[in-house]
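Visitor: File name run_29.txt; file contents compact mmCIF, C-alpha atoms; full text below.
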```
# COMPACT_ATOMS: atom_id res chain seq x y z
CA LYS A 1 -100.45 -34.20 40.37
CA GLN A 2 -100.75 -33.97 44.13
CA GLU A 3 -102.17 -30.71 45.49
CA VAL A 4 -102.10 -29.90 49.18
CA THR A 5 -104.30 -27.26 50.79
CA GLN A 6 -104.21 -25.93 54.31
CA ILE A 7 -107.05 -24.21 56.08
CA PRO A 8 -107.08 -21.74 57.70
CA ALA A 9 -104.25 -19.70 56.24
CA ALA A 10 -103.93 -17.79 59.49
CA LEU A 11 -105.20 -18.35 62.99
CA SER A 12 -105.02 -16.30 66.17
CA VAL A 13 -106.02 -17.83 69.49
CA PRO A 14 -105.62 -17.01 73.16
CA GLU A 15 -103.15 -19.00 75.17
CA GLY A 16 -104.46 -22.28 76.54
CA GLU A 17 -106.86 -23.08 73.73
CA ASN A 18 -106.90 -26.42 71.99
CA LEU A 19 -106.80 -26.01 68.23
CA VAL A 20 -106.94 -27.97 65.01
CA LEU A 21 -105.10 -27.26 61.80
CA ASN A 22 -106.39 -28.83 58.63
CA CYS A 23 -104.61 -30.23 55.61
CA SER A 24 -106.27 -31.75 52.56
CA PHE A 25 -104.73 -33.48 49.58
CA THR A 26 -106.10 -34.48 46.21
CA ASP A 27 -104.31 -37.78 45.58
CA SER A 28 -105.15 -40.51 48.07
CA ALA A 29 -102.08 -42.43 46.96
CA ILE A 30 -100.08 -40.46 49.44
CA TYR A 31 -97.30 -42.32 51.17
CA ASN A 32 -95.97 -40.20 54.02
CA LEU A 33 -97.68 -37.17 55.48
CA GLN A 34 -95.55 -34.82 57.51
CA TRP A 35 -96.21 -31.79 59.60
CA PHE A 36 -93.51 -29.16 59.94
CA ARG A 37 -93.05 -26.02 61.92
CA GLN A 38 -91.32 -22.98 60.45
CA ASP A 39 -90.37 -19.93 62.47
CA PRO A 40 -89.97 -16.61 60.60
CA GLY A 41 -86.84 -16.62 58.47
CA LYS A 42 -85.88 -20.11 59.58
CA GLY A 43 -85.81 -23.58 58.13
CA LEU A 44 -88.20 -26.43 58.77
CA THR A 45 -88.56 -28.44 61.95
CA SER A 46 -90.21 -31.80 61.47
CA LEU A 47 -92.97 -32.30 64.03
CA LEU A 48 -94.72 -35.51 63.12
CA LEU A 49 -94.42 -38.07 60.35
CA ILE A 50 -97.34 -40.36 59.58
CA GLN A 51 -96.25 -43.28 57.49
CA SER A 52 -98.34 -45.02 54.91
CA SER A 53 -99.55 -47.77 57.23
CA GLN A 54 -100.29 -45.44 60.12
CA ARG A 55 -103.27 -43.29 60.94
CA GLU A 56 -101.91 -41.00 63.60
CA GLN A 57 -98.86 -39.92 65.51
CA THR A 58 -98.46 -38.17 68.82
CA SER A 59 -95.66 -36.12 70.31
CA GLY A 60 -96.27 -34.24 73.53
CA ARG A 61 -99.11 -31.80 73.01
CA LEU A 62 -99.26 -32.55 69.31
CA ASN A 63 -101.37 -35.18 67.62
CA ALA A 64 -101.62 -35.66 63.88
CA SER A 65 -104.07 -37.90 62.09
CA LEU A 66 -104.27 -39.09 58.52
CA ASP A 67 -107.36 -40.26 56.66
CA LYS A 68 -106.38 -41.21 53.14
CA SER A 69 -109.91 -42.06 52.04
CA SER A 70 -111.12 -38.54 52.72
CA GLY A 71 -107.84 -36.91 51.72
CA ARG A 72 -107.36 -35.17 55.03
CA SER A 73 -104.89 -34.76 57.81
CA THR A 74 -105.30 -32.75 60.98
CA LEU A 75 -102.82 -31.43 63.48
CA TYR A 76 -104.20 -31.05 66.96
CA ILE A 77 -102.37 -28.78 69.39
CA ALA A 78 -103.45 -29.06 73.00
CA ALA A 79 -103.18 -26.25 75.52
CA SER A 80 -101.55 -23.84 73.09
CA GLN A 81 -98.71 -21.62 74.28
CA PRO A 82 -97.23 -18.39 72.89
CA GLY A 83 -94.16 -20.41 71.95
CA ASP A 84 -96.30 -22.38 69.53
CA SER A 85 -96.63 -19.28 67.34
CA ALA A 86 -95.18 -20.18 63.95
CA THR A 87 -96.19 -21.33 60.51
CA TYR A 88 -97.26 -24.94 60.30
CA LEU A 89 -96.80 -26.76 57.01
CA CYS A 90 -98.09 -30.14 55.96
CA ALA A 91 -96.49 -32.05 53.13
CA GLY A 92 -97.01 -35.39 51.46
CA ASP A 93 -95.06 -37.64 49.17
CA ASN A 94 -96.20 -40.45 46.92
CA ASN A 95 -93.30 -42.70 47.73
CA ALA A 96 -90.94 -43.12 50.63
CA GLY A 97 -88.36 -40.36 50.57
CA ASN A 98 -89.68 -38.95 47.34
CA MET A 99 -90.41 -35.33 46.51
CA LEU A 100 -92.69 -33.56 48.94
CA THR A 101 -95.66 -31.43 47.97
CA PHE A 102 -96.27 -28.71 50.52
CA GLY A 103 -99.44 -26.98 51.54
CA GLY A 104 -99.56 -23.22 51.80
CA GLY A 105 -99.17 -23.30 55.55
CA THR A 106 -101.15 -21.99 58.50
CA ARG A 107 -99.70 -18.99 60.34
CA LEU A 108 -100.54 -19.48 63.99
CA MET A 109 -100.42 -16.74 66.59
CA VAL A 110 -101.01 -17.68 70.22
CA LYS A 111 -101.61 -14.61 72.33
CA PRO A 112 -100.59 -14.53 75.99
CA GLY B 1 -78.09 -37.98 63.55
CA ALA B 2 -79.42 -36.95 60.14
CA VAL B 3 -78.15 -33.39 60.04
CA VAL B 4 -78.20 -31.36 56.86
CA SER B 5 -76.28 -28.11 56.64
CA GLN B 6 -76.38 -25.27 54.16
CA HIS B 7 -73.78 -22.66 53.41
CA PRO B 8 -74.02 -19.76 53.40
CA SER B 9 -77.01 -19.10 55.64
CA TRP B 10 -77.52 -15.77 53.94
CA VAL B 11 -75.98 -13.96 50.99
CA ILE B 12 -76.39 -10.58 49.36
CA CYS B 13 -75.14 -10.12 45.84
CA LYS B 14 -75.34 -7.68 42.96
CA SER B 15 -77.56 -8.27 40.00
CA GLY B 16 -75.79 -10.22 37.27
CA THR B 17 -73.46 -12.13 39.55
CA SER B 18 -73.57 -15.84 40.32
CA VAL B 19 -74.09 -17.35 43.74
CA LYS B 20 -73.31 -20.87 44.88
CA ILE B 21 -75.18 -22.52 47.74
CA GLU B 22 -73.93 -25.74 49.31
CA CYS B 23 -76.01 -28.46 50.89
CA ARG B 24 -74.27 -31.14 52.92
CA SER B 25 -75.47 -34.22 54.72
CA LEU B 26 -73.16 -34.26 57.73
CA ASP B 27 -73.63 -37.69 59.22
CA PHE B 28 -75.22 -39.79 56.53
CA GLN B 29 -74.93 -40.51 52.85
CA ALA B 30 -77.73 -39.04 50.82
CA THR B 31 -79.41 -41.02 48.08
CA THR B 32 -81.20 -37.98 46.76
CA MET B 33 -81.11 -34.28 47.43
CA PHE B 34 -83.91 -31.87 46.78
CA TRP B 35 -83.85 -28.11 46.29
CA TYR B 36 -86.84 -26.01 47.28
CA ARG B 37 -87.53 -22.29 46.96
CA GLN B 38 -89.74 -20.27 49.25
CA PHE B 39 -90.88 -16.72 48.49
CA PRO B 40 -92.05 -14.50 51.37
CA LYS B 41 -95.25 -15.69 52.98
CA GLN B 42 -95.51 -18.56 50.54
CA SER B 43 -94.92 -22.26 50.87
CA LEU B 44 -92.01 -24.32 49.63
CA MET B 45 -91.91 -25.18 45.96
CA LEU B 46 -89.71 -27.97 44.67
CA MET B 47 -87.17 -26.76 42.14
CA ALA B 48 -85.23 -29.88 41.33
CA THR B 49 -84.27 -33.36 42.43
CA SER B 50 -80.71 -34.58 42.17
CA ASN B 51 -79.05 -37.94 42.56
CA GLU B 52 -75.34 -38.34 43.04
CA GLY B 53 -73.50 -38.65 39.77
CA SER B 54 -76.44 -37.94 37.52
CA LYS B 55 -78.15 -34.89 36.08
CA ALA B 56 -80.76 -33.14 38.15
CA THR B 57 -84.44 -33.35 37.28
CA TYR B 58 -86.01 -29.92 37.20
CA GLU B 59 -89.61 -29.08 37.88
CA GLN B 60 -91.68 -27.40 35.23
CA GLY B 61 -90.95 -23.71 35.00
CA VAL B 62 -87.50 -23.91 36.60
CA GLU B 63 -84.71 -22.92 34.21
CA LYS B 64 -81.97 -25.50 34.36
CA ASP B 65 -79.44 -23.16 32.76
CA LYS B 66 -80.09 -20.57 35.41
CA PHE B 67 -80.17 -22.84 38.42
CA LEU B 68 -77.21 -25.18 38.03
CA ILE B 69 -77.20 -28.18 40.32
CA ASN B 70 -74.14 -30.31 40.88
CA HIS B 71 -74.37 -33.41 43.02
CA ALA B 72 -70.75 -34.51 43.03
CA SER B 73 -70.78 -36.79 46.05
CA LEU B 74 -73.12 -38.63 48.37
CA THR B 75 -72.87 -35.83 50.91
CA LEU B 76 -72.74 -32.66 48.84
CA SER B 77 -75.02 -30.93 46.39
CA THR B 78 -74.59 -27.38 45.16
CA LEU B 79 -77.05 -24.95 43.64
CA THR B 80 -75.60 -22.11 41.59
CA VAL B 81 -77.86 -19.23 40.71
CA THR B 82 -76.31 -17.79 37.58
CA SER B 83 -76.73 -14.16 36.54
CA ALA B 84 -78.91 -13.51 39.54
CA HIS B 85 -81.65 -10.90 39.37
CA PRO B 86 -83.76 -9.33 42.10
CA GLU B 87 -86.63 -11.69 41.32
CA ASP B 88 -84.37 -14.58 42.32
CA SER B 89 -84.29 -13.24 45.86
CA SER B 90 -85.78 -16.00 47.95
CA PHE B 91 -85.21 -18.54 50.69
CA TYR B 92 -83.58 -21.67 49.27
CA ILE B 93 -83.90 -24.88 51.27
CA CYS B 94 -82.35 -28.25 50.51
CA SER B 95 -83.26 -31.66 51.84
CA ALA B 96 -81.78 -35.12 51.59
CA THR B 97 -82.91 -38.70 51.88
CA ALA B 98 -80.56 -41.22 53.41
CA ARG B 99 -79.27 -44.46 51.99
CA GLN B 100 -78.97 -46.12 55.38
CA GLY B 101 -78.14 -45.53 59.02
CA VAL B 102 -81.06 -43.22 59.69
CA ARG B 103 -84.63 -43.27 58.44
CA THR B 104 -84.61 -43.79 54.69
CA ASP B 105 -88.27 -42.98 54.13
CA THR B 106 -88.19 -39.27 54.88
CA GLN B 107 -86.36 -36.11 53.94
CA TYR B 108 -84.06 -34.24 56.27
CA PHE B 109 -84.05 -30.50 55.74
CA GLY B 110 -81.27 -27.97 55.85
CA PRO B 111 -81.71 -24.62 57.64
CA GLY B 112 -82.09 -22.66 54.43
CA THR B 113 -80.17 -19.92 52.64
CA ARG B 114 -81.56 -16.42 52.31
CA LEU B 115 -80.54 -14.90 48.97
CA THR B 116 -81.00 -11.19 48.36
CA VAL B 117 -80.11 -9.82 44.95
CA LEU B 118 -79.68 -6.07 44.77
```
With the file now loaded, output its structure as C-alpha cells.
Guide:
Amino acid sequence: KQEVTQIPAALSVPEGENLVLNCSFTDSAIYNLQWFRQDPGKGLTSLLLIQSSQREQTSGRLNASLDKSSGRSTLYIAASQPGDSATYLCAGDNNAGNMLTFGGGTRLMVKP
Amino acid sequence: GAVVSQHPSWVICKSGTSVKIECRSLDFQATTMFWYRQFPKQSLMLMATSNEGSKATYEQGVEKDKFLINHASLTLSTLTVTSAHPEDSSFYICSATARQGVRTDTQYFGPGTRLTVL
C-alpha cells in the first residue's frame, strides 16, 4: 500500500526566500504525482501534475520534480511571497485517474 | 472546464440526524467519483470510490451503512451521513475523473463541505 510522507510538517520563512518542500513515497510504481495547495477551510487547488513519463513540471515560480527510483518529489518555490502561505499537499496514484494517496502536508508561512 | 461543485458548502446538524452532500461534475461526465474526509490539521483520507450505476467501494475502516454513497448519474454522486455524531464533524471533499473532453488521467476536486454535528 502506497504511503506518502511530507517533510517538514511546518515551515516558516521570510519573504523572498527560495524554498523546497519534500514528498516521499514508498511504492515506486506511482503513476501521477500531484502537488496541491490548500488554504485554511478551503478545498484543493491543483498546482502541478507530473505524469508517469515526466520528471518535472514548472508553472511560474513553482517547479516540481519526480524521481521514482528514489521515491521522492520536491516542490521548489522561488522568491516566496506572503500570498504563498498555505498548506501544500502532495499526492500520488498508481494508475491514471485512480485513487490518490495524500501526504500529511506542509504548512507554509511566509512572513513579510 | 472540469469544474466540480459540492452542495452545501457547510452544514450544521444535530446529533442523530442525517445529512446529504452532493457532488456534481458541471461540465464533464465523470467516470469515477471519490469521497475524501479531512479532519482538522490532517490530510485527506479516501473514504470510498464510486462508479456510476454500481455500488461504491469503501476503504477499510469506513462504515458503508453509515456513509451511504449513491452515484445515480455520470454527473452526480451523493454522500449521506446517517445518524451523524459529533465525531463525524469533518471536511468532506469529493473529486471526479472525466470520461472525455478534459484530462482523463487526473482527478478534479470539489471545494469541500464542512460538516459540524452538534
Visitor: Please report as a ChimeraX atom specification which residues of chain A come no farther than 12 Å from chain B, using all atoms listed in the file.
Guide: /A:3-6,9-10,31-52,86-107
Visitor: Quick one: pull the distance between CA of Ile69 in chain B and CA of Gly1 in chain B, Å, one decimal.
Guide: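 According to the coordinates, CA of Ile69 in chain B and CA of Gly1 in chain B are separated by 25.2 Å.
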Visitor: For Asn63 in chain A, work out the shell of residues within 8 Å, counting all atoms listed in the file and skipping chain neighbours fewer than 4 positions away, then give it as a JSON list (two decimals) with C-alpha atoms, in the coordinates of the input.
Guide:
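Everything below was put into result-v5.json:
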```json
[["chain", "number", "residue", "atom", "x", "y", "z"],
["A", 56, "GLU", "CA", -101.91, -41.00, 63.60],
["A", 57, "GLN", "CA", -98.86, -39.92, 65.51],
["A", 58, "THR", "CA", -98.46, -38.17, 68.82],
["A", 59, "SER", "CA", -95.66, -36.12, 70.31],
["A", 75, "LEU", "CA", -102.82, -31.43, 63.48],
["A", 76, "TYR", "CA", -104.20, -31.05, 66.96],
["A", 77, "ILE", "CA", -102.37, -28.78, 69.39]]
```
Visitor: Write out as number ranges by chain the residues lying within 9 Å of range 78-90 of chain B, counting all atoms listed in the file and excluding same-chain residues fewer than 2 positions away.
Guide: B: 13-24, 35, 37-40, 65-72, 76, 92, 113-118
Visitor: Record the distance separating CA of Asn18 in chain A and CA of Ala79 in chain A, expressed in Å with one decimal.
Guide: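 Value for the CA of Asn18 in chain A-CA of Ala79 in chain A distance: 5.1 Å.
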Visitor: How far is it from CA of Leu21 in chain A to CA of Leu108 in chain A, in Å with one decimal?
Guide: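 Distance reported for this atom pair: 9.3 Å.
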Visitor: Box for range 58-63 of chain B: with edges along x, y and z, all listed atoms inside and 3 Å added on each side, what are the centre and edge lengths in Å to one decimal, as JSON?
Guide:
```
{"center_x": -88.2, "center_y": -26.4, "center_z": 36.0, "size_x": 13.0, "size_y": 13.0, "size_z": 9.7}
```
